[in-house]
>>> print(open('upload_13.txt').read())   # compact mmCIF, C-alpha atoms
# COMPACT_ATOMS: atom_id res chain seq x y z
CA MET A 1 85.19 142.81 254.55
CA VAL A 2 84.05 139.49 256.00
CA VAL A 3 81.54 139.40 253.17
CA LEU A 4 84.46 138.64 250.85
CA ILE A 5 85.00 135.31 252.63
CA HIS A 6 81.34 134.41 252.28
CA VAL A 7 81.16 135.34 248.59
CA ALA A 8 84.44 133.46 247.95
CA ASN A 9 83.04 130.36 249.60
CA VAL A 10 79.81 130.62 247.63
CA PHE A 11 81.99 130.42 244.50
CA TYR A 12 83.82 127.41 245.98
CA VAL A 13 80.50 125.71 246.73
CA LEU A 14 79.37 126.36 243.16
CA SER A 15 82.65 124.98 241.84
CA TYR A 16 82.07 121.75 243.79
CA LEU A 17 78.58 121.47 242.28
CA VAL A 18 79.55 121.71 238.62
CA LYS A 19 80.81 118.71 236.63
CA ASP A 20 82.56 120.60 233.87
CA ILE A 21 86.24 120.99 234.75
CA LEU A 22 86.46 124.38 232.98
CA TRP A 23 83.64 125.85 235.06
CA LEU A 24 85.11 124.27 238.17
CA ARG A 25 88.41 126.05 237.54
CA LEU A 26 86.76 129.36 236.61
CA LEU A 27 84.68 129.40 239.78
CA THR A 28 87.71 128.41 241.85
CA VAL A 29 89.65 131.32 240.37
CA LEU A 30 86.87 133.73 241.28
CA GLY A 31 86.71 132.35 244.82
CA GLY A 32 90.50 132.53 245.11
CA VAL A 33 90.66 136.12 243.94
CA LEU A 34 88.07 137.20 246.52
CA LEU A 35 89.86 135.26 249.23
CA MET A 36 93.12 136.96 248.34
CA ALA A 37 91.42 140.35 248.45
CA TYR A 38 90.27 139.51 251.96
CA TYR A 39 93.78 138.49 253.04
CA VAL A 40 95.26 141.67 251.55
CA LEU A 41 92.73 143.93 253.23
CA LEU A 42 93.33 142.53 256.69
CA PRO A 43 95.11 144.93 259.10
CA THR A 44 98.03 142.49 258.93
CA PRO A 45 97.94 140.91 255.47
CA LEU A 46 98.40 137.12 255.44
CA TRP A 47 101.30 137.01 253.01
CA ALA A 48 101.89 133.27 253.24
CA ALA A 49 98.25 132.54 252.36
CA ILE A 50 98.35 135.17 249.61
CA ALA A 51 101.48 133.59 248.11
CA TRP A 52 99.87 130.15 248.02
CA ASN A 53 96.73 131.57 246.45
CA VAL A 54 98.79 133.30 243.77
CA LEU A 55 100.33 129.92 242.94
CA PHE A 56 96.89 128.24 242.80
CA LEU A 57 95.61 131.09 240.64
CA ALA A 58 98.53 130.78 238.20
CA ILE A 59 98.05 127.00 237.86
CA ASN A 60 94.32 127.38 237.30
CA VAL A 61 94.70 130.19 234.76
CA TRP A 62 97.23 128.08 232.81
CA GLN A 63 94.92 125.06 232.84
CA ILE A 64 91.95 127.21 231.80
CA ARG A 65 94.01 128.44 228.84
CA ILE A 66 94.76 124.84 227.83
CA LEU A 67 91.10 123.83 228.15
CA LEU A 68 89.95 126.80 226.07
CA LEU A 69 92.51 126.01 223.36
CA GLU A 70 91.35 122.39 223.30
CA ARG A 71 87.73 123.45 222.96
CA ARG A 72 88.20 125.82 220.05
CA PRO A 73 86.36 124.62 216.96
CA VAL A 74 88.57 122.81 214.47
CA VAL A 75 88.77 124.43 211.04
CA PHE A 76 90.18 122.46 208.12
CA THR A 77 91.36 123.62 204.72
CA PRO A 78 89.46 122.05 201.78
CA ASP A 79 92.34 119.58 201.25
CA GLU A 80 92.36 118.58 204.90
CA LEU A 81 88.60 118.23 205.00
CA ARG A 82 88.67 116.04 201.90
CA LEU A 83 91.36 113.85 203.41
CA HIS A 84 89.35 113.50 206.61
CA GLN A 85 86.33 112.39 204.60
CA LEU A 86 88.39 110.04 202.46
CA SER A 87 90.49 108.20 204.99
CA PHE A 88 90.18 109.47 208.51
CA ARG A 89 86.48 109.50 209.28
CA ALA A 90 87.18 107.24 212.24
CA LEU A 91 89.11 110.09 213.85
CA THR A 92 87.38 112.98 215.55
CA PRO A 93 88.17 116.37 213.98
CA ARG A 94 90.34 117.16 217.02
CA GLU A 95 92.30 113.92 216.68
CA PHE A 96 92.74 114.49 212.97
CA ALA A 97 93.94 118.05 213.62
CA LYS A 98 96.61 116.63 215.95
CA LEU A 99 97.72 114.29 213.21
CA LEU A 100 97.76 117.08 210.63
CA LYS A 101 100.17 119.10 212.74
CA LEU A 102 102.79 116.46 211.94
CA ALA A 103 101.86 116.04 208.30
CA ARG A 104 103.75 117.28 205.26
CA TRP A 105 101.92 117.96 202.01
CA ASP A 106 103.66 117.16 198.75
CA ASP A 107 102.73 117.61 195.12
CA ILE A 108 104.22 114.93 192.92
CA ALA A 109 104.31 115.21 189.14
CA ALA A 110 103.06 112.43 186.89
CA ASP A 111 105.50 109.56 186.23
CA VAL A 112 107.62 110.40 189.27
CA GLU A 113 108.57 107.43 191.45
CA ILE A 114 107.13 107.88 194.94
CA VAL A 115 108.46 104.65 196.43
CA HIS A 116 111.37 102.53 195.26
CA HIS A 117 111.43 98.85 196.18
CA GLY A 118 114.13 97.82 198.61
CA SER A 119 114.79 101.39 199.74
CA VAL A 120 114.07 102.25 203.33
CA LEU A 121 110.84 104.20 203.52
CA ASP A 122 110.80 106.65 206.41
CA ARG A 123 107.36 108.12 205.75
CA VAL A 124 103.75 106.93 205.74
CA MET A 125 101.74 108.60 203.00
CA VAL A 126 98.13 108.88 202.04
CA ILE A 127 97.04 109.96 198.59
CA ALA A 128 94.84 113.04 198.84
CA SER A 129 94.30 113.37 195.09
CA GLY A 130 95.54 111.73 191.93
CA HIS A 131 96.46 108.13 191.21
CA ALA A 132 99.55 105.99 191.46
CA ARG A 133 100.41 102.56 190.13
CA VAL A 134 102.15 99.85 192.10
CA ASN A 135 104.74 97.99 190.04
CA VAL A 136 106.46 94.75 190.86
CA ALA A 137 109.38 94.00 188.55
CA GLY A 138 108.06 96.59 186.14
CA VAL A 139 104.58 95.07 185.95
CA GLU A 140 101.61 97.03 187.27
CA VAL A 141 99.81 95.05 189.93
CA LYS A 142 97.58 97.61 191.52
CA GLU A 143 96.34 101.16 191.21
CA LEU A 144 96.01 103.37 194.24
CA GLY A 145 93.58 106.27 194.28
CA PRO A 146 92.61 109.02 196.69
CA GLY A 147 92.42 107.89 200.29
CA ARG A 148 94.83 104.98 199.84
CA PHE A 149 97.88 104.62 202.05
CA VAL A 150 101.43 104.11 200.84
CA GLY A 151 104.11 102.90 203.22
CA GLU A 152 101.84 101.67 206.00
CA MET A 153 103.17 98.12 205.74
CA SER A 154 106.73 99.34 206.17
CA PHE A 155 105.47 101.41 209.09
CA LEU A 156 104.01 98.32 210.75
CA THR A 157 106.76 95.83 209.96
CA GLY A 158 109.86 98.02 209.62
CA ALA A 159 110.68 96.15 206.40
CA PRO A 160 111.47 97.99 203.16
CA PRO A 161 108.82 97.93 200.42
CA ASN A 162 108.96 95.19 197.80
CA ALA A 163 107.32 97.25 195.06
CA ASP A 164 107.66 100.58 193.28
CA VAL A 165 104.93 103.21 193.41
CA VAL A 166 104.80 105.67 190.51
CA ALA A 167 102.46 108.63 190.06
CA ILE A 168 100.11 108.15 187.10
CA ASP A 169 98.91 111.74 187.13
CA PRO A 170 99.79 114.65 189.41
CA VAL A 171 99.47 113.30 192.93
CA ARG A 172 99.04 115.24 196.15
CA THR A 173 99.99 113.39 199.31
CA ALA A 174 99.96 114.03 203.02
CA SER A 175 102.75 112.18 204.74
CA TRP A 176 104.12 111.59 208.19
CA LYS A 177 107.66 110.78 209.23
CA GLN A 178 107.47 107.30 210.75
CA THR A 179 109.44 108.19 213.88
CA GLU A 180 107.34 111.29 214.58
CA LEU A 181 104.11 109.42 213.98
CA ARG A 182 105.18 106.58 216.27
CA ALA A 183 106.10 109.04 219.02
CA ALA A 184 102.78 110.87 218.69
CA LEU A 185 100.80 107.63 218.80
CA ARG A 186 102.81 106.32 221.73
CA ASP A 187 101.73 109.33 223.78
CA ASN A 188 98.05 109.11 222.88
CA ALA A 189 96.34 105.73 223.22
CA GLU A 190 93.03 106.89 221.72
CA LEU A 191 94.69 108.44 218.69
CA ARG A 192 96.77 105.29 218.25
CA ALA A 193 93.68 103.09 218.28
CA ALA A 194 91.91 105.33 215.77
CA VAL A 195 94.89 105.52 213.38
CA GLN A 196 95.44 101.79 213.72
CA MET A 197 91.84 101.15 212.70
CA VAL A 198 92.20 103.39 209.63
CA ILE A 199 95.48 101.77 208.57
CA GLY A 200 94.21 98.27 209.37
CA GLU A 201 91.15 98.67 207.16
CA ASP A 202 93.26 99.96 204.29
CA LEU A 203 95.71 97.13 204.78
CA VAL A 204 93.10 94.38 204.80
CA ALA A 205 91.43 95.85 201.71
CA LYS A 206 94.79 95.92 199.91
CA LEU A 207 96.01 92.49 200.95
CA ARG A 208 92.95 90.33 200.69
CA PRO A 209 92.10 89.09 197.22
CA ALA A 210 88.96 90.83 195.92
CA MET B 211 107.57 77.22 231.48
CA SER B 212 107.68 80.62 229.87
CA LEU B 213 106.70 80.95 226.23
CA ARG B 214 109.30 82.45 223.95
CA VAL B 215 108.60 84.58 220.91
CA SER B 216 109.50 83.01 217.52
CA THR B 217 109.43 79.47 218.92
CA PRO B 218 106.62 76.92 218.52
CA VAL B 219 103.98 76.86 221.21
CA PRO B 220 105.01 74.02 223.57
CA ARG B 221 102.91 70.87 223.37
CA ALA B 222 101.93 71.23 227.04
CA VAL B 223 100.29 74.58 226.29
CA ALA B 224 98.58 73.42 223.10
CA ASP B 225 97.23 70.32 224.86
CA ALA B 226 95.95 72.11 227.94
CA CYS B 227 92.17 72.43 227.94
CA VAL B 228 89.66 75.18 228.61
CA THR B 229 85.90 74.94 229.06
CA LEU B 230 83.57 76.88 226.80
CA ALA B 231 80.32 78.44 228.00
CA SER B 232 78.53 75.43 226.51
CA GLY B 233 80.48 73.12 228.81
CA GLU B 234 82.57 71.65 226.02
CA ARG B 235 86.22 71.06 226.88
CA VAL B 236 88.59 72.09 224.10
CA ARG B 237 92.36 72.02 223.68
CA LEU B 238 93.95 75.45 223.54
CA GLY B 239 95.82 74.37 220.41
CA SER B 240 92.54 73.83 218.57
CA PHE B 241 92.20 77.60 218.31
CA TRP B 242 95.16 77.91 215.92
CA GLU B 243 95.77 74.40 214.59
CA ASP B 244 93.28 74.97 211.76
CA GLY B 245 95.64 77.61 210.37
CA THR B 246 93.94 80.63 211.93
CA PRO B 247 96.15 83.00 213.90
CA ALA B 248 94.93 83.18 217.47
CA VAL B 249 95.03 85.73 220.25
CA ILE B 250 94.72 84.06 223.66
CA LEU B 251 94.11 86.47 226.50
CA TRP B 252 94.21 84.97 229.96
CA LEU B 253 92.30 87.05 232.46
CA ARG B 254 92.42 86.97 236.22
CA HIS B 255 89.21 85.94 238.00
CA PHE B 256 86.02 87.18 236.34
CA GLY B 257 85.32 89.83 239.00
CA CYS B 258 88.74 91.45 238.62
CA VAL B 259 88.78 95.19 238.04
CA GLY B 260 91.91 95.06 235.85
CA CYS B 261 90.31 92.43 233.62
CA SER B 262 87.23 94.60 233.30
CA GLN B 263 89.49 97.41 232.12
CA GLU B 264 91.35 95.12 229.71
CA VAL B 265 88.20 93.64 228.19
CA THR B 266 86.50 97.05 227.94
CA GLU B 267 89.51 98.31 225.99
CA LEU B 268 89.59 95.21 223.79
CA THR B 269 85.89 94.80 222.99
CA PRO B 270 85.62 97.65 220.46
CA ARG B 271 88.70 96.26 218.68
CA LEU B 272 87.36 92.70 218.23
CA GLY B 273 85.94 93.53 214.80
CA GLU B 274 89.34 94.79 213.64
CA LEU B 275 91.04 91.66 214.89
CA GLU B 276 88.50 89.46 213.14
CA ARG B 277 88.85 91.39 209.86
CA ALA B 278 92.61 90.94 210.14
CA GLY B 279 92.01 87.20 210.31
CA ALA B 280 92.62 86.45 213.98
CA ARG B 281 90.56 84.38 216.39
CA VAL B 282 90.37 85.94 219.84
CA VAL B 283 89.97 83.73 222.89
CA LEU B 284 89.34 85.14 226.36
CA VAL B 285 90.10 82.72 229.18
CA GLY B 286 89.14 83.35 232.79
CA ASN B 287 89.20 80.97 235.73
CA GLY B 288 85.83 81.12 237.46
CA ASN B 289 83.09 78.52 237.18
CA ARG B 290 80.72 78.31 234.21
CA ASP B 291 78.02 80.41 235.88
CA GLN B 292 80.56 83.11 236.54
CA LEU B 293 81.70 82.88 232.92
CA GLY B 294 78.08 83.44 231.85
CA GLY B 295 77.84 86.53 234.06
CA PHE B 296 81.10 87.85 232.66
CA ILE B 297 79.84 87.41 229.08
CA LEU B 298 76.66 89.31 229.94
CA ARG B 299 78.45 92.14 231.77
CA HIS B 300 80.80 92.77 228.87
CA GLY B 301 78.33 92.22 226.06
CA LEU B 302 80.41 89.37 224.67
CA ALA B 303 77.50 87.21 223.53
CA GLY B 304 77.75 87.21 219.76
CA ALA B 305 81.01 89.17 219.83
CA HIS B 306 83.95 88.21 217.61
CA ALA B 307 85.59 86.32 220.44
CA VAL B 308 85.49 82.92 222.10
CA THR B 309 85.05 83.08 225.85
CA ALA B 310 86.16 80.19 228.01
CA THR B 311 87.20 79.34 231.51
CA ASP B 312 89.90 77.28 233.13
CA PRO B 313 89.08 76.83 236.83
CA SER B 314 91.82 74.22 237.23
CA LEU B 315 94.38 76.79 235.97
CA GLU B 316 95.77 74.09 233.67
CA THR B 317 96.47 76.48 230.77
CA TYR B 318 97.80 79.20 233.10
CA ARG B 319 100.31 76.75 234.59
CA ALA B 320 101.28 75.39 231.19
CA ALA B 321 101.99 78.91 229.96
CA GLY B 322 103.94 79.72 233.12
CA LEU B 323 101.79 82.68 234.10
CA THR B 324 102.43 84.41 237.42
CA ARG B 325 100.39 83.33 240.43
CA SER B 326 101.30 85.41 243.42
CA ALA B 327 99.82 87.27 246.37
CA TRP B 328 102.37 90.07 245.89
CA ALA B 329 101.12 90.62 242.31
CA THR B 330 97.59 90.82 243.69
CA PHE B 331 98.03 92.84 246.87
CA GLY B 332 101.41 94.58 246.42
CA PRO B 333 101.91 98.32 245.93
CA ARG B 334 101.74 98.12 242.14
CA ALA B 335 98.47 96.22 242.36
CA ILE B 336 97.03 98.89 244.66
CA VAL B 337 97.96 101.65 242.21
CA ASP B 338 96.51 99.59 239.34
CA LEU B 339 93.33 99.04 241.34
CA ALA B 340 92.94 102.76 242.01
CA ARG B 341 93.56 103.61 238.35
CA ALA B 342 90.98 101.13 237.12
CA MET B 343 88.40 102.20 239.67
CA THR B 344 88.85 105.90 238.84
CA ALA B 345 88.31 104.91 235.20
CA GLY B 346 84.90 103.67 236.25
CA HIS B 347 85.50 99.93 236.61
CA ALA B 348 83.97 98.16 239.56
CA HIS B 349 85.82 95.53 241.57
CA ARG B 350 83.48 92.63 242.10
CA SER B 351 83.76 89.69 244.41
CA VAL B 352 86.37 87.06 243.54
CA GLU B 353 85.09 84.82 240.75
CA GLY B 354 87.94 82.37 240.35
CA ASP B 355 91.47 82.24 241.69
CA SER B 356 92.33 85.48 243.48
CA THR B 357 96.10 85.35 243.05
CA GLN B 358 96.34 84.07 239.49
CA GLN B 359 97.49 86.74 237.03
CA GLY B 360 96.66 86.87 233.34
CA GLY B 361 98.69 87.01 230.17
CA ALA B 362 98.59 87.35 226.42
CA LEU B 363 99.66 85.03 223.63
CA VAL B 364 99.53 85.66 219.90
CA VAL B 365 100.10 82.54 217.83
CA ASP B 366 100.49 82.55 214.07
CA ALA B 367 98.90 80.11 211.64
CA HIS B 368 101.91 77.78 212.01
CA GLY B 369 101.75 77.58 215.79
CA ILE B 370 104.65 79.97 216.37
CA VAL B 371 104.54 82.37 219.31
CA ARG B 372 104.51 85.93 217.97
CA LEU B 373 103.76 87.80 221.17
CA PHE B 374 103.72 86.66 224.75
CA HIS B 375 103.24 88.58 227.95
CA ASP B 376 103.06 87.31 231.50
CA ASN B 377 101.05 89.89 233.47
CA ARG B 378 102.84 90.89 236.66
CA SER B 379 100.02 92.70 238.41
CA ILE B 380 96.26 93.34 238.41
CA GLY B 381 96.46 96.17 235.89
CA ASP B 382 99.39 94.85 233.86
CA TYR B 383 98.19 93.73 230.45
CA VAL B 384 99.13 94.12 226.80
CA PRO B 385 97.29 97.15 225.40
CA ALA B 386 94.70 96.27 222.76
CA SER B 387 96.63 98.36 220.22
CA ASP B 388 99.73 96.16 220.69
CA VAL B 389 97.61 93.07 220.06
CA VAL B 390 96.14 94.67 216.92
CA ASP B 391 99.65 95.63 215.75
CA ALA B 392 100.85 92.05 216.18
CA VAL B 393 97.87 90.70 214.23
CA LEU B 394 98.28 93.25 211.42
CA ARG B 395 101.94 92.24 211.08
CA LEU B 396 100.79 88.62 210.81
CA GLU B 397 98.31 89.64 208.14
CA ILE B 398 101.10 91.25 206.12
CA GLU B 399 103.28 88.15 206.50
CA THR B 400 100.40 85.86 205.56
CA TYR B 401 100.20 87.67 202.26
CA ALA B 402 103.99 87.97 202.01
CA GLY B 403 103.80 87.38 198.29
CA ALA B 404 101.48 90.32 197.98
CA VAL B 405 102.62 93.82 197.25
CA HIS B 406 104.28 95.37 200.25
CA VAL B 407 104.69 99.13 200.23
>>> encode(input="upload_13.txt", output="structure tokens")
Amino acid sequence: MVVLIHVANVFYVLSYLVKDILWLRLLTVLGGVLLMAYYVLLPTPLWAAIAWNVLFLAINVWQIRILLLERRPVVFTPDELRLHQLSFRALTPREFAKLLKLARWDDIAADVEIVHHGSVLDRVMVIASGHARVNVAGVEVKELGPGRFVGEMSFLTGAPPNADVVAIDPVRTASWKQTELRAALRDNAELRAAVQMVIGEDLVAKLRPA
Amino acid sequence: MSLRVSTPVPRAVADACVTLASGERVRLGSFWEDGTPAVILWLRHFGCVGCSQEVTELTPRLGELERAGARVVLVGNGNRDQLGGFILRHGLAGAHAVTATDPSLETYRAAGLTRSAWATFGPRAIVDLARAMTAGHAHRSVEGDSTQQGGALVVDAHGIVRLFHDNRSIGDYVPASDVVDAVLRLEIETYAGAVHV
């Protein structure tokens, strides 16, 4: 029975030697299970120690589950993959997947107004396919194609748009509610930096005279 | 004197001087008086672990700030040799940023930045120190004033304060993303006549 203690501690030693947190937790779980078996098999089981080990085991199993979920390969639909290539290459697939969880996809028919000047815009959009024209006082000033953002200036400044955006042909957009996007970015500094870079590049390209 | 957002940068701040790596003394105001928005980031001493963390976070964003039309100025308070070492350690030679030093603390005082032993050795500072060190930043020997804290100032092309922060502890600084946000908002305002959607 004492062998259980030795084998458990070999697993603990191995867990201290690995750098990968997943392996560290897996080896700790194995060591913990063997240690618990030892405590249970004692003539007088050590219930207090067993209880603590059950708690450690539960925490580790939960964290292992989270790590495994985070390490699963990311699979995109063709639309999502295209959008990643178009606008979000600066984001890792995992970061982009997090962003997509909050996204809404819309299909907008030709000639439909997507943005109306002066109206509060509560979403940030990116054109996945199709084209839209930007009108100021009824005059077209710009055309936006796939990969271009709509509403990012309102997102940054909080001010309503000063132009209308109308679909030229059928347009497919991915969009994010501003409040939800802000909350998601507030909780994840790396994602915020990556999204900011994407939006910033689009913004500078739009604003600066060619 | 504490700088207030949406008010002009006080003359005392604009006229205070820093020393560039070349030894040239320049007025702080010269960084925005040519109509270029400026981001002034005051650091603590050059060996500070919190400043290492701040600059490491900022360095990859310098290109974005430049593209958005801002001039970034990093001001520490060690001597010129220490400034040179700091530039080397952080790969700032040739970066999109001006690095300078202010050993007399003239600009720090003008901006009203905190100088306190409590901010340097208090409980918050200890937590900040531990956080920065566990993130891999080394605390070096003091290269400047040990109790002087840093700060951040974003000035628009008209000399108006758009963001100001007086750092209250070693690890207290404006995140790089907040600086980028402020500069992007300035970019939008600069082209206010442009389409805004």
>>> atom_distance(input="upload_13.txt", atom1="atom CA of B:Ser351", atom2="atom CA of B:Asp376")
23.3 Å
>>> interface_residues(input="upload_13.txt", of="chain B", to="chain A", cutoff="12 Å", atoms="all atoms listed in the file", output="PyMOL selection string")
chain B and resi 267-268+270-279+385-407
>>> write_last_selection(input="upload_13.txt", atoms="C-alpha atoms", output="compact mmCIF listing (two decimals), in the frame of the given file")
# COMPACT_ATOMS: atom_id res chain seq x y z
CA GLU B 267 89.51 98.31 225.99
CA LEU B 268 89.59 95.21 223.79
CA PRO B 270 85.62 97.65 220.46
CA ARG B 271 88.70 96.26 218.68
CA LEU B 272 87.36 92.70 218.23
CA GLY B 273 85.94 93.53 214.80
CA GLU B 274 89.34 94.79 213.64
CA LEU B 275 91.04 91.66 214.89
CA GLU B 276 88.50 89.46 213.14
CA ARG B 277 88.85 91.39 209.86
CA ALA B 278 92.61 90.94 210.14
CA GLY B 279 92.01 87.20 210.31
CA PRO B 385 97.29 97.15 225.40
CA ALA B 386 94.70 96.27 222.76
CA SER B 387 96.63 98.36 220.22
CA ASP B 388 99.73 96.16 220.69
CA VAL B 389 97.61 93.07 220.06
CA VAL B 390 96.14 94.67 216.92
CA ASP B 391 99.65 95.63 215.75
CA ALA B 392 100.85 92.05 216.18
CA VAL B 393 97.87 90.70 214.23
CA LEU B 394 98.28 93.25 211.42
CA ARG B 395 101.94 92.24 211.08
CA LEU B 396 100.79 88.62 210.81
CA GLU B 397 98.31 89.64 208.14
CA ILE B 398 101.10 91.25 206.12
CA GLU B 399 103.28 88.15 206.50
CA THR B 400 100.40 85.86 205.56
CA TYR B 401 100.20 87.67 202.26
CA ALA B 402 103.99 87.97 202.01
CA GLY B 403 103.80 87.38 198.29
CA ALA B 404 101.48 90.32 197.98
CA VAL B 405 102.62 93.82 197.25
CA HIS B 406 104.28 95.37 200.25
CA VAL B 407 104.69 99.13 200.23
>>> atom_distance(input="upload_13.txt", atom1="atom CA of B:Asn287", atom2="atom CA of B:Thr311")
4.9 Å
>>> atom_distance(input="upload_13.txt", atom1="atom CA of B:Arg341", atom2="atom CA of B:Phe296")
20.9 Å
>>> residues_around(input="upload_13.txt", residues="stretch 252-258 of chain B", least_positions_apart="2", cutoff="6 Å", atoms="all atoms listed in the file", output="list in words")
Gly260, Cys261, Val285, Gly286, Asn287, Gly288, His349, Arg350, Ser351, Val352, Glu353, Gly354, Asp355, Gln358, Gln359, Gly360 and Gly361 of chain B
>>> closest_residue(input="upload_13.txt", among="A:Asp169, A:Met36, A:His84, A:Asp202", to="A:Leu99", atoms="only C-alpha atoms")
A:His84
>>> axis_aligned_box(input="upload_13.txt", around="stretch 79-96 of chain A", padding_each_side="6 Å", output="JSON")
{"center_x": 89.5, "center_y": 113.4, "center_z": 209.1, "size_x": 18.4, "size_y": 24.3, "size_z": 27.8}
>>> residues_around(input="upload_13.txt", residues="B:Glu316", least_positions_apart="4", cutoff="9 Å", atoms="only C-alpha atoms", output="mmCIF file with C-alpha atoms, in the coordinates of the input")
data_model
loop_
_atom_site.group_PDB
_atom_site.id
_atom_site.type_symbol
_atom_site.label_atom_id
_atom_site.label_comp_id
_atom_site.auth_asym_id
_atom_site.auth_seq_id
_atom_site.Cartn_x
_atom_site.Cartn_y
_atom_site.Cartn_z
ATOM 1 C CA VAL B 223 100.290 74.580 226.290
ATOM 2 C CA ALA B 226 95.950 72.110 227.940
ATOM 3 C CA CYS B 227 92.170 72.430 227.940
ATOM 4 C CA VAL B 228 89.660 75.180 228.610
ATOM 5 C CA ASP B 312 89.900 77.280 233.130
ATOM 6 C CA ALA B 320 101.280 75.390 231.190
ATOM 7 C CA ALA B 321 101.990 78.910 229.960
#
>>> residues_around(input="upload_13.txt", residues="stretch 237-247 of chain B", least_positions_apart="4", cutoff="6 Å", atoms="all atoms listed in the file", output="list of chain:residue names")
B:Ala224, B:Asp225, B:Ala226, B:Cys227, B:Ala280, B:Val365, B:Asp366, B:Ala367
>>> residues_around(input="upload_13.txt", residues="A:Leu24", least_positions_apart="4", cutoff="10 Å", atoms="all atoms listed in the file", output="ChimeraX atom specification")
/A:11-20,28-29,60,64
>>> write_last_selection(input="upload_13.txt", atoms="C-alpha atoms", output="PDB file, in the coordinates of the input")
ATOM      1  CA  PHE A  11      81.990 130.420 244.500  1.00  0.00           C
ATOM      2  CA  TYR A  12      83.820 127.410 245.980  1.00  0.00           C
ATOM      3  CA  VAL A  13      80.500 125.710 246.730  1.00  0.00           C
ATOM      4  CA  LEU A  14      79.370 126.360 243.160  1.00  0.00           C
ATOM      5  CA  SER A  15      82.650 124.980 241.840  1.00  0.00           C
ATOM      6  CA  TYR A  16      82.070 121.750 243.790  1.00  0.00           C
ATOM      7  CA  LEU A  17      78.580 121.470 242.280  1.00  0.00           C
ATOM      8  CA  VAL A  18      79.550 121.710 238.620  1.00  0.00           C
ATOM      9  CA  LYS A  19      80.810 118.710 236.630  1.00  0.00           C
ATOM     10  CA  ASP A  20      82.560 120.600 233.870  1.00  0.00           C
ATOM     11  CA  THR A  28      87.710 128.410 241.850  1.00  0.00           C
ATOM     12  CA  VAL A  29      89.650 131.320 240.370  1.00  0.00           C
ATOM     13  CA  ASN A  60      94.320 127.380 237.300  1.00  0.00           C
ATOM     14  CA  ILE A  64      91.950 127.210 231.800  1.00  0.00           C
TER      15      ILE A  64
END
>>> residues_near_point(input="upload_13.txt", point="(96.3, 112.3, 219.1)", cutoff="10 Å", atoms="only C-alpha atoms", output="list in words")
Leu91, Thr92, Arg94, Glu95, Phe96, Ala97, Lys98, Leu99, Leu100, Leu181, Ala184, Leu185, Arg186, Asp187, Asn188, Ala189, Glu190, Leu191, Arg192, Ala193, Ala194 and Val195 of chain A
>>> closest_residue(input="upload_13.txt", among="B:Thr309, B:Ser379, B:Ser314, B:Thr217", to="B:Ile297", atoms="all atoms listed in the file")
B:Thr309
>>> residues_around(input="upload_13.txt", residues="B:Ala345", least_positions_apart="6", cutoff="12 Å", atoms="only C-alpha atoms", output="PyMOL selection string")
chain B and resi 259-260+262-264+266-267+338-339+381
>>> closest_residue(input="upload_13.txt", among="A:Pro43, A:Leu30, A:Arg172, A:Glu80", to="A:Lys101", atoms="all atoms listed in the file")
A:Glu80
